[in-house]
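One file, start37.cif, is given below (mmCIF, C-alpha atoms (C1' of nucleotides)).
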```
data_data
loop_
_atom_site.label_atom_id
_atom_site.label_comp_id
_atom_site.auth_asym_id
_atom_site.auth_seq_id
_atom_site.Cartn_x
_atom_site.Cartn_y
_atom_site.Cartn_z
CA MET A 1 121.83 125.73 110.87
CA ASP A 2 121.44 124.08 107.45
CA LEU A 3 120.94 120.67 108.97
CA LEU A 4 118.08 121.97 111.10
CA GLN A 5 116.41 123.82 108.25
CA ASN A 6 116.66 120.75 106.16
CA ALA A 7 115.14 118.57 108.87
CA ILE A 8 112.25 121.00 109.26
CA THR A 9 111.54 121.16 105.55
CA THR A 10 111.52 117.37 105.36
CA ILE A 11 108.87 117.17 108.07
CA SER A 12 106.70 119.99 106.78
CA PRO A 13 107.77 122.85 104.50
CA LEU A 14 107.29 126.40 105.79
CA SER A 15 106.65 129.66 103.96
CA THR A 16 109.64 131.99 103.77
CA GLU A 17 108.14 134.27 106.39
CA SER A 18 107.41 131.47 108.83
CA MET A 19 110.78 129.87 108.28
CA ASP A 20 112.55 133.15 108.96
CA ALA A 21 110.67 133.76 112.17
CA PHE A 22 111.02 130.16 113.29
CA HIS A 23 114.65 129.92 112.39
CA GLN A 24 115.54 133.02 114.39
CA SER A 25 114.04 131.56 117.53
CA TRP A 26 116.58 128.79 117.83
CA LYS A 27 119.60 129.33 120.03
CA LEU A 28 122.90 127.55 119.65
CA TRP A 29 124.98 126.06 122.44
CA SER A 30 128.42 124.60 121.96
CA VAL A 31 129.04 122.35 124.92
CA LYS A 32 131.65 119.86 125.99
CA LYS A 33 131.27 116.21 126.85
CA ASP A 34 129.14 115.49 129.91
CA HIS A 35 127.36 118.82 129.91
CA PHE A 36 123.86 118.86 131.41
CA LEU A 37 121.22 120.38 129.16
CA LEU A 38 118.45 119.52 131.60
CA LYS A 39 118.71 118.83 135.29
CA GLU A 40 116.40 116.70 137.37
CA ASN A 41 113.17 118.20 138.69
CA THR A 42 113.13 121.25 136.49
CA VAL A 43 110.60 122.12 133.81
CA SER A 44 112.07 121.40 130.41
CA ASP A 45 111.59 124.53 128.36
CA TYR A 46 113.27 123.45 125.16
CA ILE A 47 112.98 121.24 122.17
CA TYR A 48 116.51 120.46 121.13
CA PHE A 49 118.11 119.56 117.87
CA ILE A 50 121.57 118.10 117.80
CA GLU A 51 123.78 119.36 114.98
CA LYS A 52 126.88 117.49 115.98
CA GLY A 53 127.59 115.13 118.84
CA VAL A 54 125.53 112.74 120.96
CA THR A 55 123.26 113.19 123.96
CA ARG A 56 121.43 110.80 126.16
CA ILE A 57 118.21 111.32 128.07
CA TYR A 58 117.95 109.37 131.28
CA TYR A 59 116.39 109.30 134.72
CA TYR A 60 116.67 107.50 138.03
CA LYS A 61 114.33 104.66 138.82
CA ASN A 62 114.86 102.96 142.19
CA GLY A 63 118.36 104.36 142.35
CA LYS A 64 119.31 103.12 138.89
CA GLU A 65 119.94 105.10 135.76
CA ILE A 66 117.46 104.37 132.98
CA THR A 67 118.47 105.65 129.56
CA GLU A 68 115.29 106.64 127.79
CA TRP A 69 116.71 107.94 124.58
CA ILE A 70 119.99 108.47 122.79
CA ALA A 71 120.08 111.24 120.18
CA LEU A 72 122.72 111.34 117.48
CA ASP A 73 123.44 114.25 115.12
CA GLY A 74 120.47 115.38 113.08
CA GLN A 75 117.84 114.38 115.62
CA PHE A 76 115.31 116.27 117.70
CA PHE A 77 114.93 115.41 121.36
CA LEU A 78 113.06 116.67 124.39
CA SER A 79 111.37 115.65 127.58
CA ILE A 80 107.92 115.02 126.16
CA THR A 81 105.88 115.13 129.35
CA SER A 82 107.73 118.08 130.81
CA PHE A 83 107.73 120.17 127.66
CA PHE A 84 104.08 119.67 126.79
CA GLN A 85 102.58 119.45 130.24
CA ARG A 86 104.82 122.11 131.76
CA ILE A 87 105.63 119.99 134.79
CA PRO A 88 109.05 119.36 136.34
CA SER A 89 110.89 116.54 134.66
CA HIS A 90 112.51 113.57 136.29
CA LEU A 91 114.61 113.41 133.14
CA ILE A 92 118.22 114.41 132.81
CA ILE A 93 119.72 115.34 129.45
CA GLN A 94 123.44 115.08 129.11
CA THR A 95 125.85 115.25 126.19
CA ILE A 96 128.20 112.31 125.87
CA GLU A 97 130.40 113.90 123.23
CA PRO A 98 131.38 117.53 122.69
CA SER A 99 128.26 118.80 120.91
CA GLU A 100 126.60 121.59 118.98
CA VAL A 101 123.04 121.79 120.23
CA LEU A 102 120.21 124.01 119.05
CA GLY A 103 117.11 124.69 121.11
CA ILE A 104 113.84 126.53 120.85
CA HIS A 105 111.96 127.69 123.93
CA HIS A 106 108.47 126.33 124.56
CA ASP A 107 106.86 129.75 124.74
CA ASP A 108 108.48 130.93 121.53
CA PHE A 109 107.42 127.80 119.72
CA MET A 110 103.85 128.13 120.96
CA LYS A 111 103.62 131.82 120.04
CA LEU A 112 104.84 131.00 116.55
CA ALA A 113 102.45 128.06 116.26
CA ASP A 114 99.64 130.45 117.20
CA LYS A 115 100.70 133.07 114.74
CA TYR A 116 101.59 130.88 111.76
CA HIS A 117 99.30 128.08 110.69
CA ASP A 118 102.13 126.25 108.95
CA ILE A 119 104.24 126.21 112.12
CA GLU A 120 101.31 124.68 113.97
CA ARG A 121 101.17 122.06 111.22
CA LEU A 122 104.90 121.43 111.54
CA LEU A 123 104.52 120.91 115.27
CA ARG A 124 101.63 118.54 114.70
CA LYS A 125 103.69 116.51 112.28
CA MET A 126 106.64 116.43 114.65
CA VAL A 127 104.43 115.13 117.43
CA THR A 128 102.83 112.63 115.09
CA SER A 129 106.11 111.08 114.04
CA SER A 130 107.17 110.98 117.66
CA LEU A 131 103.96 109.13 118.45
CA ILE A 132 104.55 106.60 115.69
CA LEU A 133 108.09 106.05 116.93
CA SER A 134 106.78 105.57 120.44
CA GLN A 135 104.36 102.90 119.24
CA VAL A 136 107.07 101.03 117.37
CA ARG A 137 109.32 101.14 120.42
CA MET A 138 106.56 99.88 122.69
CA ASP A 139 105.95 96.95 120.38
CA SER A 140 109.66 96.21 120.40
CA ILE A 141 109.88 96.25 124.20
CA GLN A 142 106.78 94.14 124.63
CA PHE A 143 107.39 91.42 122.09
CA GLU A 144 110.98 91.26 120.99
CA SER A 145 113.68 89.39 122.88
CA ALA A 146 116.76 91.20 124.13
CA GLN A 147 118.65 89.73 121.19
CA GLN A 148 116.15 90.96 118.62
CA ARG A 149 116.13 94.45 120.09
CA TYR A 150 119.90 94.65 119.88
CA GLU A 151 119.89 93.46 116.30
CA ARG A 152 117.23 95.98 115.37
CA LEU A 153 119.42 98.72 116.83
CA LEU A 154 122.41 97.48 114.86
CA GLN A 155 120.36 97.70 111.70
CA THR A 156 118.75 101.07 112.26
CA THR A 157 121.65 102.96 113.86
CA PRO A 158 124.86 100.95 113.67
CA GLN A 159 127.02 103.98 114.46
CA ILE A 160 125.51 104.14 117.95
CA VAL A 161 127.57 101.16 119.12
CA GLN A 162 130.81 102.90 118.18
CA ARG A 163 129.98 106.13 119.94
CA VAL A 164 128.06 105.22 123.07
CA PRO A 165 129.18 103.11 126.07
CA LEU A 166 127.46 99.73 126.32
CA THR A 167 126.01 100.54 129.74
CA TYR A 168 123.84 103.23 128.18
CA ILE A 169 122.93 101.11 125.19
CA ALA A 170 121.86 98.23 127.41
CA SER A 171 119.68 100.50 129.48
CA PHE A 172 118.24 102.10 126.34
CA LEU A 173 117.32 98.62 125.08
CA GLY A 174 115.70 97.84 128.40
CA ILE A 175 118.16 95.12 129.37
CA THR A 176 121.07 94.85 131.77
CA LEU A 177 124.68 95.36 130.83
CA GLU A 178 125.37 91.69 131.54
CA THR A 179 122.67 90.48 129.19
CA LEU A 180 123.92 92.77 126.42
CA SER A 181 127.43 91.50 126.94
CA ARG A 182 126.28 87.90 126.58
CA ILE A 183 124.32 88.71 123.44
CA ARG A 184 127.35 90.36 121.88
CA SER A 185 129.71 87.53 122.75
CA GLN A 186 127.70 84.81 121.05
CA ARG A 187 128.12 86.03 117.49
CA MET B 1 76.77 114.43 119.65
CA ASP B 2 77.06 116.42 122.88
CA LEU B 3 79.60 114.07 124.37
CA LEU B 4 81.86 114.51 121.34
CA GLN B 5 81.53 118.28 121.28
CA ASN B 6 82.33 118.38 124.92
CA ALA B 7 85.38 116.18 124.48
CA ILE B 8 86.64 118.41 121.69
CA THR B 9 86.17 121.60 123.67
CA THR B 10 88.05 120.11 126.60
CA ILE B 11 91.04 119.35 124.39
CA SER B 12 91.06 122.65 122.52
CA PRO B 13 88.14 125.04 122.06
CA LEU B 14 87.09 125.87 118.51
CA SER B 15 85.47 128.97 117.04
CA THR B 16 81.78 128.60 116.20
CA GLU B 17 82.56 128.42 112.50
CA SER B 18 85.22 125.75 112.88
CA MET B 19 83.10 123.75 115.28
CA ASP B 20 80.18 123.77 112.88
CA ALA B 21 82.27 122.62 109.97
CA PHE B 22 84.08 120.05 112.06
CA HIS B 23 80.98 118.75 113.72
CA GLN B 24 79.22 118.16 110.43
CA SER B 25 82.02 115.95 109.18
CA TRP B 26 81.41 113.23 111.72
CA LYS B 27 79.23 110.27 110.76
CA LEU B 28 77.33 108.12 113.19
CA TRP B 29 77.10 104.34 113.12
CA SER B 30 74.88 102.30 115.40
CA VAL B 31 76.29 98.82 115.42
CA LYS B 32 75.69 95.59 117.29
CA LYS B 33 78.06 93.57 119.40
CA ASP B 34 80.98 92.05 117.50
CA HIS B 35 80.77 94.43 114.56
CA PHE B 36 84.03 95.10 112.71
CA LEU B 37 84.83 98.77 112.27
CA LEU B 38 88.18 98.00 110.70
CA LYS B 39 89.31 94.81 109.02
CA GLU B 40 92.84 93.53 108.73
CA ASN B 41 95.07 94.83 105.96
CA THR B 42 92.98 97.82 105.02
CA VAL B 43 93.91 101.48 105.37
CA SER B 44 92.17 102.95 108.36
CA ASP B 45 90.43 106.07 107.15
CA TYR B 46 88.76 107.14 110.37
CA ILE B 47 89.33 108.55 113.77
CA TYR B 48 86.54 107.18 115.91
CA PHE B 49 84.81 108.40 119.01
CA ILE B 50 82.68 106.05 121.04
CA GLU B 51 79.48 107.59 122.39
CA LYS B 52 78.15 104.47 123.99
CA GLY B 53 79.52 100.94 124.19
CA VAL B 54 82.96 99.35 124.11
CA THR B 55 85.40 98.48 121.33
CA ARG B 56 88.70 96.74 121.30
CA ILE B 57 91.58 97.18 118.92
CA TYR B 58 93.64 94.07 118.32
CA TYR B 59 95.87 92.28 115.87
CA TYR B 60 97.41 88.91 115.24
CA LYS B 61 100.98 88.26 116.27
CA ASN B 62 102.29 84.76 115.62
CA GLY B 63 98.75 83.46 115.41
CA LYS B 64 97.69 85.01 118.69
CA GLU B 65 95.34 87.89 119.30
CA ILE B 66 97.00 90.90 120.89
CA THR B 67 94.61 93.49 122.29
CA GLU B 68 96.27 96.85 121.80
CA TRP B 69 93.59 99.08 123.18
CA ILE B 70 90.16 98.96 124.75
CA ALA B 71 87.99 102.05 124.29
CA LEU B 72 85.04 102.77 126.57
CA ASP B 73 82.37 105.42 126.03
CA GLY B 74 83.71 108.94 125.68
CA GLN B 75 87.07 107.96 124.18
CA PHE B 76 88.73 108.51 120.83
CA PHE B 77 90.44 105.62 119.12
CA LEU B 78 92.16 104.86 115.84
CA SER B 79 94.91 102.89 114.21
CA ILE B 80 97.69 105.42 114.64
CA THR B 81 100.15 104.13 112.07
CA SER B 82 97.53 103.38 109.47
CA PHE B 83 95.65 106.65 109.84
CA PHE B 84 98.65 108.92 109.79
CA GLN B 85 100.92 107.03 107.45
CA ARG B 86 98.12 105.92 105.14
CA ILE B 87 99.33 102.34 105.06
CA PRO B 88 97.27 99.16 105.46
CA SER B 89 96.72 98.28 109.08
CA HIS B 90 97.31 94.95 110.73
CA LEU B 91 94.82 96.14 113.32
CA ILE B 92 91.27 95.00 113.70
CA ILE B 93 88.69 97.14 115.46
CA GLN B 94 85.66 95.38 116.83
CA THR B 95 82.82 96.39 119.10
CA ILE B 96 82.28 94.16 122.11
CA GLU B 97 78.96 95.70 123.11
CA PRO B 98 76.20 97.21 120.98
CA SER B 99 77.64 100.66 120.33
CA GLU B 100 77.10 104.15 118.99
CA VAL B 101 80.26 105.11 117.17
CA LEU B 102 81.15 108.40 115.51
CA GLY B 103 83.90 108.74 112.94
CA ILE B 104 85.60 111.39 110.86
CA HIS B 105 87.38 110.55 107.63
CA HIS B 106 91.09 111.25 107.35
CA ASP B 107 90.76 113.44 104.27
CA ASP B 108 87.97 115.52 105.78
CA PHE B 109 89.95 116.04 108.96
CA MET B 110 93.04 117.08 107.02
CA LYS B 111 91.12 119.46 104.78
CA LEU B 112 89.61 121.10 107.83
CA ALA B 113 92.99 121.26 109.58
CA ASP B 114 94.33 123.01 106.49
CA LYS B 115 91.47 125.43 106.32
CA TYR B 116 91.08 126.25 110.00
CA HIS B 117 94.09 127.00 112.15
CA ASP B 118 92.23 126.06 115.33
CA ILE B 119 91.35 122.62 113.97
CA GLU B 120 95.02 122.06 113.21
CA ARG B 121 95.73 123.03 116.80
CA LEU B 122 93.06 120.64 118.05
CA LEU B 123 94.62 117.82 116.05
CA ARG B 124 98.05 118.69 117.42
CA LYS B 125 96.74 118.56 120.96
CA MET B 126 94.99 115.26 120.33
CA VAL B 127 98.19 113.75 119.00
CA THR B 128 100.15 115.22 121.90
CA SER B 129 97.97 113.66 124.56
CA SER B 130 98.08 110.39 122.70
CA LEU B 131 101.87 110.63 122.74
CA ILE B 132 101.95 111.27 126.47
CA LEU B 133 99.64 108.31 127.05
CA SER B 134 101.87 106.17 124.90
CA GLN B 135 104.89 107.12 127.00
CA VAL B 136 103.11 106.32 130.24
CA ARG B 137 102.02 102.97 128.88
CA MET B 138 105.52 102.13 127.69
CA ASP B 139 106.89 102.87 131.12
CA SER B 140 104.23 100.64 132.65
CA ILE B 141 105.01 97.73 130.32
CA GLN B 142 108.73 98.07 130.80
CA PHE B 143 108.94 98.47 134.56
CA GLU B 144 105.78 97.40 136.30
CA SER B 145 105.00 93.81 137.25
CA ALA B 146 101.88 92.12 135.94
CA GLN B 147 100.32 92.69 139.33
CA GLN B 148 101.05 96.41 139.33
CA ARG B 149 99.69 96.85 135.83
CA TYR B 150 96.45 95.16 136.80
CA GLU B 151 96.11 97.30 139.88
CA ARG B 152 96.76 100.44 137.89
CA LEU B 153 93.97 99.43 135.52
CA LEU B 154 91.60 98.84 138.43
CA GLN B 155 92.34 102.33 139.67
CA THR B 156 92.11 104.20 136.40
CA THR B 157 89.21 102.36 134.76
CA PRO B 158 87.52 99.97 137.20
CA GLN B 159 84.43 99.59 135.00
CA ILE B 160 86.52 97.84 132.37
CA VAL B 161 86.63 94.64 134.41
CA GLN B 162 82.84 94.45 134.53
CA ARG B 163 82.36 94.95 130.82
CA VAL B 164 85.24 93.23 129.08
CA PRO B 165 86.18 89.51 129.10
CA LEU B 166 89.37 88.73 131.02
CA THR B 167 91.06 87.29 127.95
CA TYR B 168 91.07 90.72 126.33
CA ILE B 169 92.10 92.48 129.51
CA ALA B 170 95.03 90.12 130.01
CA SER B 171 96.20 90.69 126.48
CA PHE B 172 95.75 94.45 126.85
CA LEU B 173 97.92 94.34 129.97
CA GLY B 174 100.53 92.37 128.08
CA ILE B 175 100.17 89.22 130.15
CA THR B 176 98.57 85.81 129.64
CA LEU B 177 95.09 84.90 130.78
CA GLU B 178 96.56 82.42 133.26
CA THR B 179 98.76 85.03 134.90
CA LEU B 180 95.85 87.43 135.21
CA SER B 181 93.74 84.71 136.75
CA ARG B 182 96.41 83.99 139.35
CA ILE B 183 96.77 87.67 140.17
CA ARG B 184 93.05 88.01 140.68
CA SER B 185 92.79 84.92 142.87
CA GLN B 186 95.37 86.07 145.39
CA ARG B 187 93.42 89.01 146.75
"C1'" DC C 1 152.25 102.56 138.42
"C1'" DG C 2 147.94 101.87 140.25
"C1'" DT C 3 143.09 103.23 140.58
"C1'" DG C 4 138.89 102.98 138.48
"C1'" DC C 5 135.95 102.49 134.54
"C1'" DA C 6 134.07 99.45 130.85
"C1'" DC C 7 133.09 95.22 130.07
"C1'" DT C 8 133.00 89.90 130.66
"C1'" DT C 9 131.89 85.54 132.73
"C1'" DG C 10 129.71 82.39 136.02
"C1'" DA C 11 126.14 80.76 139.32
"C1'" DT C 12 121.70 81.34 141.02
"C1'" DT C 13 116.99 83.19 141.17
"C1'" DG C 14 112.51 84.70 139.89
"C1'" DA C 15 108.48 86.33 137.24
"C1'" DA C 16 105.72 85.06 133.89
"C1'" DG C 17 105.00 81.98 129.84
"C1'" DT C 18 103.56 77.42 128.09
"C1'" DC C 19 101.13 73.24 128.15
"C1'" DA C 20 97.57 70.59 129.99
"C1'" DA C 21 93.54 69.44 132.45
"C1'" DG C 22 89.32 70.65 134.63
"C1'" DC C 23 85.09 73.28 136.17
"C1'" DG C 24 80.75 75.67 135.59
"C1'" DC C 25 77.67 78.31 132.88
"C1'" DT C 26 74.77 79.11 128.77
"C1'" DG C 27 72.52 78.38 124.82
"C1'" DT C 28 70.99 75.35 121.13
"C1'" DG C 29 69.60 71.26 118.53
"C1'" DG C 30 67.67 66.66 118.82
"C1'" DC D 1 63.45 69.73 128.14
"C1'" DC D 2 67.61 67.52 128.46
"C1'" DA D 3 72.33 66.89 126.96
"C1'" DC D 4 76.34 68.30 125.53
"C1'" DA D 5 79.38 71.58 123.08
"C1'" DG D 6 81.88 75.45 123.77
"C1'" DC D 7 83.23 79.60 126.02
"C1'" DG D 8 85.28 81.89 129.97
"C1'" DC D 9 87.94 81.14 133.51
"C1'" DT D 10 90.89 78.49 137.04
"C1'" DT D 11 94.55 75.53 138.69
"C1'" DG D 12 98.78 72.78 138.47
"C1'" DA D 13 103.42 71.33 136.71
"C1'" DC D 14 107.17 72.66 134.27
"C1'" DT D 15 110.19 75.79 131.44
"C1'" DT D 16 112.51 79.87 129.98
"C1'" DC D 17 114.54 84.36 129.52
"C1'" DA D 18 116.72 87.69 131.62
"C1'" DA D 19 117.74 89.79 136.30
"C1'" DT D 20 120.70 89.71 140.17
"C1'" DC D 21 124.78 88.93 142.68
"C1'" DA D 22 129.55 88.23 142.59
"C1'" DA D 23 134.25 87.94 140.69
"C1'" DG D 24 137.45 88.93 137.51
"C1'" DT D 25 140.04 91.05 133.32
"C1'" DG D 26 142.12 94.63 130.77
"C1'" DC D 27 142.86 99.22 129.38
"C1'" DA D 28 143.23 104.34 129.97
"C1'" DC D 29 144.88 108.12 132.10
"C1'" DG D 30 146.33 111.03 135.91
#
```
Go ahead and render the structure in this file as structure tokens.
Amino acid sequence: MDLLQNAITTISPLSTESMDAFHQSWKLWSVKKDHFLLKENTVSDYIYFIEKGVTRIYYYKNGKEITEWIALDGQFFLSITSFFQRIPSHLIIQTIEPSEVLGIHHDDFMKLADKYHDIERLLRKMVTSSLILSQVRMDSIQFESAQQRYERLLQTTPQIVQRVPLTYIASFLGITLETLSRIRSQR
Amino acid sequence: MDLLQNAITTISPLSTESMDAFHQSWKLWSVKKDHFLLKENTVSDYIYFIEKGVTRIYYYKNGKEITEWIALDGQFFLSITSFFQRIPSHLIIQTIEPSEVLGIHHDDFMKLADKYHDIERLLRKMVTSSLILSQVRMDSIQFESAQQRYERLLQTTPQIVQRVPLTYIASFLGITLETLSRIRSQR
DNA sequence: CGTGCACTTGATTGAAGTCAAGCGCTGTGG
DNA sequence: CCACAGCGCTTGACTTCAATCAAGTGCACG
């Protein structure tokens, strides 16, 4: 759990009391490759944190898989709309390596945020950084070429290419597998 | 100020004490058409709320104006990255009608969020809905055709077309003026 | 040993961008 | 009070980036 506690403190430090209460609310799952953490059309009750392993978040759009996010160790991930709006998610969350995954239930998180001001602040900061990330990603999708997006990925998270099949990476970058293949070949 | 108070209560109700303190921290500006609320390369200190009028948020990308957002009466707007990260913004905020604009300073908002738990919660909910909006918009840019994006705009905010020049709308939709013109002609 | 998955390569297509010209208001200076 | 400059928008010709469709290669593992 050290990795999680460390991640939390980096975002927004908690008092000992809050941290204790918060910390205890996380559950741990050790799952194998290709395990489903969230199935289609169910309400996503958890914010997850991946201690070890890789997961991808994807959904079906006109019969095709769209990878929305790939989370490597040390990252939080969730279905934003489902978790916050409490509506069934079209998203599917699946591990793509054997993984150690922590999760906190929506209701527990909200009760704690209500009880402890500093947990509410932590949540706000988590959402804020997610929002900033979302803006950066939108800009990337709108204005960068396929090539530039791939190169940005190589710079920010080079290990992703070693651990995740190209099909998922292509979809995550918003391009087809073929286009990604061509980009990779010409360098 | 009623419109603002109402908007706040809809997002997350505040206690009388919090609402009083919060309410008093907003300043009002009455500005004419084409007034700059935020200039390039300055830190954006305010979250704004438009009581009456229209503003657009834009920036320069390779010498071209990119309209990132258009805010009509009753909406909040801000430079997300600049406000939260306290870094100079490449964004420019300009009114495009004579407008009544309210704003709260970053430091005031943060002090209040620190002091009052329910104001922190309000801020969290504001950021959350902004995040959800950002996700929806990303999906739209990535998967919808120019035509579909225009039609979505017509459905969600039809008044925008009456009040905002097409150049800005095109840019807001992430398409060129020419493409928008062609879309509009064929119906 | 062969079936299928992960990826590559080639040919063709399509949506929207770019460049260029033109039209019709509107407002302002001679 | 007219003329013309410029803005807001339209229309046309051409280009481009990446998608789609279609084969094909090579490796992994059951």
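Close contacts of Ile57 of chain B, defined as residues with an atom at most 6 Å away when counting all atoms listed in the file, with chain neighbours fewer than 3 positions off set aside, comprise Thr67, Glu68, Trp69, Ile92 and Ile93 of chain B.
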Please report as number ranges by chain which residues of chain B come no farther than 10 Å from chain D, using only C-alpha atoms (C1' of nucleotides).
B: 165-167, 177-178, 181-182, 185
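Reported to one decimal place, the separation of atom CA of Asp45 of chain B from atom CA of His105 of chain B is 5.4 Å.
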Quick one: residues within 9 Å of Arg184 of chain A, all atoms listed in the file, excluding same-chain residues fewer than 4 positions away - as a ChimeraX atom specification?
/A:147,150,179-180
Please dump the current selection as an mmCIF file, in the coordinates of the input; keep C-alpha atoms.
```cif
data_model
loop_
_atom_site.group_PDB
_atom_site.id
_atom_site.type_symbol
_atom_site.label_atom_id
_atom_site.label_comp_id
_atom_site.auth_asym_id
_atom_site.auth_seq_id
_atom_site.Cartn_x
_atom_site.Cartn_y
_atom_site.Cartn_z
ATOM 1 C CA GLN A 147 118.650 89.730 121.190
ATOM 2 C CA TYR A 150 119.900 94.650 119.880
ATOM 3 C CA THR A 179 122.670 90.480 129.190
ATOM 4 C CA LEU A 180 123.920 92.770 126.420
#
```
Mind dumping a table of every chain B residue within 9 Å of chain C, with the nearest atom pair and its distance in Å to one decimal, using all atoms listed in the file, sorted by chain and rising number, as JSON lines?
```
{"residue": "B:Ser145", "atom": "CA", "partner": "C:DA15", "partner_atom": "C1'", "distance": 8.2}
{"residue": "B:Ala146", "atom": "CA", "partner": "C:DA16", "partner_atom": "C1'", "distance": 8.3}
{"residue": "B:Ile175", "atom": "CA", "partner": "C:DA16", "partner_atom": "C1'", "distance": 7.9}
{"residue": "B:Thr176", "atom": "CA", "partner": "C:DG17", "partner_atom": "C1'", "distance": 7.5}
{"residue": "B:Thr179", "atom": "CA", "partner": "C:DA16", "partner_atom": "C1'", "distance": 7.0}
```
For those residues, write C-alpha atoms to a file as a PDB file, in the frame of the given file.
```pdb
ATOM      1  CA  SER B 145     105.000  93.810 137.250  1.00  0.00           C
ATOM      2  CA  ALA B 146     101.880  92.120 135.940  1.00  0.00           C
ATOM      3  CA  ILE B 175     100.170  89.220 130.150  1.00  0.00           C
ATOM      4  CA  THR B 176      98.570  85.810 129.640  1.00  0.00           C
ATOM      5  CA  THR B 179      98.760  85.030 134.900  1.00  0.00           C
TER       6      THR B 179
END
```
Contacts between chain A and chain B, please, where a residue of chain B counts if it comes within 6 Å (with only C-alpha atoms); show its shortest atom pair and distance in Å to one decimal, rows by chain and ascending number, as a tab-separated table.
```
residue	atom	partner	partner_atom	distance
B:His117	CA	A:His117	CA	5.5
B:Arg124	CA	A:Arg124	CA	4.5
B:Leu131	CA	A:Leu131	CA	5.0
B:Met138	CA	A:Met138	CA	5.6
```
Local residues around (113.8, 126.6, 109.4), at most 7 Å away, using all atoms listed in the file, as a tab-separated table (two decimals) with C-alpha atoms, in the coordinates of the input:
```tsv
chain	number	residue	atom	x	y	z
A	4	LEU	CA	118.08	121.97	111.10
A	5	GLN	CA	116.41	123.82	108.25
A	8	ILE	CA	112.25	121.00	109.26
A	19	MET	CA	110.78	129.87	108.28
A	20	ASP	CA	112.55	133.15	108.96
A	22	PHE	CA	111.02	130.16	113.29
A	23	HIS	CA	114.65	129.92	112.39
```
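Atom to atom, atom CA of Tyr59 of chain A and atom CA of Leu38 of chain A stand 10.9 Å apart.
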When you draw a straight line from atom CA of Lys39 of chain A to atom CA of Gln75 of chain A, how long is it in Å?
20.2 Å
Incomplete segment 22-33 of chain A brought to N, CA and C atoms, written out as a PDB file, in the frame of the given file:
```pdb
ATOM      1  N   PHE A  22     110.769 131.393 112.536  1.00  0.00           N
ATOM      2  CA  PHE A  22     111.020 130.160 113.290  1.00  0.00           C
ATOM      3  C   PHE A  22     112.513 129.993 113.518  1.00  0.00           C
ATOM      4  N   HIS A  23     113.215 130.087 112.437  1.00  0.00           N
ATOM      5  CA  HIS A  23     114.650 129.920 112.390  1.00  0.00           C
ATOM      6  C   HIS A  23     115.363 130.804 113.414  1.00  0.00           C
ATOM      7  N   GLN A  24     114.912 132.048 113.482  1.00  0.00           N
ATOM      8  CA  GLN A  24     115.540 133.020 114.390  1.00  0.00           C
ATOM      9  C   GLN A  24     115.332 132.691 115.857  1.00  0.00           C
ATOM     10  N   SER A  25     114.357 131.854 116.132  1.00  0.00           N
ATOM     11  CA  SER A  25     114.040 131.560 117.530  1.00  0.00           C
ATOM     12  C   SER A  25     114.915 130.476 118.141  1.00  0.00           C
ATOM     13  N   TRP A  26     115.710 129.852 117.311  1.00  0.00           N
ATOM     14  CA  TRP A  26     116.580 128.790 117.830  1.00  0.00           C
ATOM     15  C   TRP A  26     117.882 129.388 118.339  1.00  0.00           C
ATOM     16  N   LYS A  27     118.310 128.908 119.482  1.00  0.00           N
ATOM     17  CA  LYS A  27     119.600 129.330 120.030  1.00  0.00           C
ATOM     18  C   LYS A  27     120.605 128.195 119.877  1.00  0.00           C
ATOM     19  N   LEU A  28     121.865 128.573 119.808  1.00  0.00           N
ATOM     20  CA  LEU A  28     122.900 127.550 119.650  1.00  0.00           C
ATOM     21  C   LEU A  28     123.768 127.475 120.900  1.00  0.00           C
ATOM     22  N   TRP A  29     124.018 126.263 121.368  1.00  0.00           N
ATOM     23  CA  TRP A  29     124.980 126.060 122.440  1.00  0.00           C
ATOM     24  C   TRP A  29     126.083 125.126 121.966  1.00  0.00           C
ATOM     25  N   SER A  30     127.310 125.521 122.223  1.00  0.00           N
ATOM     26  CA  SER A  30     128.420 124.600 121.960  1.00  0.00           C
ATOM     27  C   SER A  30     128.900 124.117 123.321  1.00  0.00           C
ATOM     28  N   VAL A  31     128.736 122.860 123.582  1.00  0.00           N
ATOM     29  CA  VAL A  31     129.040 122.350 124.920  1.00  0.00           C
ATOM     30  C   VAL A  31     130.015 121.185 124.851  1.00  0.00           C
ATOM     31  N   LYS A  32     130.710 120.982 125.968  1.00  0.00           N
ATOM     32  CA  LYS A  32     131.650 119.860 125.990  1.00  0.00           C
ATOM     33  C   LYS A  32     130.925 118.563 126.397  1.00  0.00           C
ATOM     34  N   LYS A  33     131.716 117.528 126.375  1.00  0.00           N
ATOM     35  CA  LYS A  33     131.270 116.210 126.850  1.00  0.00           C
ATOM     36  C   LYS A  33     130.721 116.334 128.271  1.00  0.00           C
TER      37      LYS A  33
END
```
